[in-house]
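> Handing you a structure now.
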Amino acid sequence: MSKKIILFVALNIFISLNMLAQTNRLTSEQFLNITRRTHPEKTWAVLIGNVTNLRRGHDMISASIKVGMRFTNTRILTKIILKGNGKPETYMVGQPYSGQPASILTEDINKETAPLLGEFGLRPEDLTMTFLYWDFNKEFENDSVKGLDCRVLGLINPETKEYVKVFISTEYYYPLKVEWFKSTPKADEKPYRNVIATAFKTEGKLGSPSKINLYGPGWRSKIDFERISLGFTKDGIPKDIFSNNF
């Protein structure tokens, strides 16, 4: 993977290469704060593709997905659009850089049926990676993902007490893998869901994951972003960044 700025689905990532040498000397909190604050301010991204899900005993389902993002000076704005067989399902999510909880600003779903996003094992906050702003709990032993060294941090949702183990690249300061638990895990407890980026696409100085896998006991989902557009706000923002059309 080349040393470029990486924009990880609404992950607030901006690579600061002059800090690479000292990463292992940072405290857990310092390392986490850098990951939180190395966002690519004044940039945008549009990711379009497909998401599939296969559950044990069920047929595979699929839908088209679009994720539009704007990174401002104060927060990340993300719109998620899913198109299945019926009316598009949309979510607008805001995440302040201040550490305040993410919020769903608008939501347009069919109230009479199960949310399509949930059918794929997804939640709006998952694609914005807002768990990075949860409370720090502890650091685990270093590990690696796809050959890249990672520091592994445990974070707790202060409201629901949900728990994540986040595998953050020590070179690029962004999460490569996330393990989800319903509460603080006991020794050797298995996560009930996993998220891992498996492929990336770069465009100039910006980049994005192009493939993401999600899985848990008895189910597996894949997101494949076939069309990815990235840019800096100063160069202009597409008019359809948050449009339902794609």
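By convention in this document, the chains of the structure tokens carry letters A, B, ... by their order, each chain's residues are numbered from 1, and ligands are numbered from 1 in the order they are shown.
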Fewer than 4 positions away in the same chain doesn't count, so skip those; otherwise give me all residues within 9 Å of region 119-130 of chain A, counting only C-alpha atoms, as a VMD selection string.

chain A and resid 8 to 12 51 to 54 61 to 62 67 76 to 80 91 to 95 101 to 104 114 to 115 134 193 214 to 216 219 to 222

> Excluding region 226-238 of chain A and its own-chain neighbours fewer than 2 positions away, which residues fall within 7 Å of it when counting only C-alpha atoms? Please give them as a PyMOL selection string.

chain A and resi 42-49+203+206+210+224+240-241

> Ranking A:Ile34, A:Leu26, A:Pro88, A:Cys150 by minimum distance to Ser243 (chain A) and counting only C-alpha atoms, which one comes first?

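Under the stated criterion, the closest residue is A:Pro88.
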
> Go through A:Tyr172, A:Tyr163, A:Tyr133, A:Tyr97 and flag the residue nearest Arg151 (chain A), using only C-alpha atoms for the distances.

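Between A:Tyr172, A:Tyr163, A:Tyr133, A:Tyr97, the residue approaching Arg151 (chain A) most closely is A:Tyr172.
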
> Based on DSSP run over this structure's backbone, return all residues of region 124-210 of chain A in helix (DSSP H, G or I), as number ranges by chain.

A: 124-128, 130-133

> Quote the spacing between CA of Phe167 (chain A) and CA of Pro217 (chain A) in Å to one decimal place.

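Those two atoms sit 20.3 Å apart.
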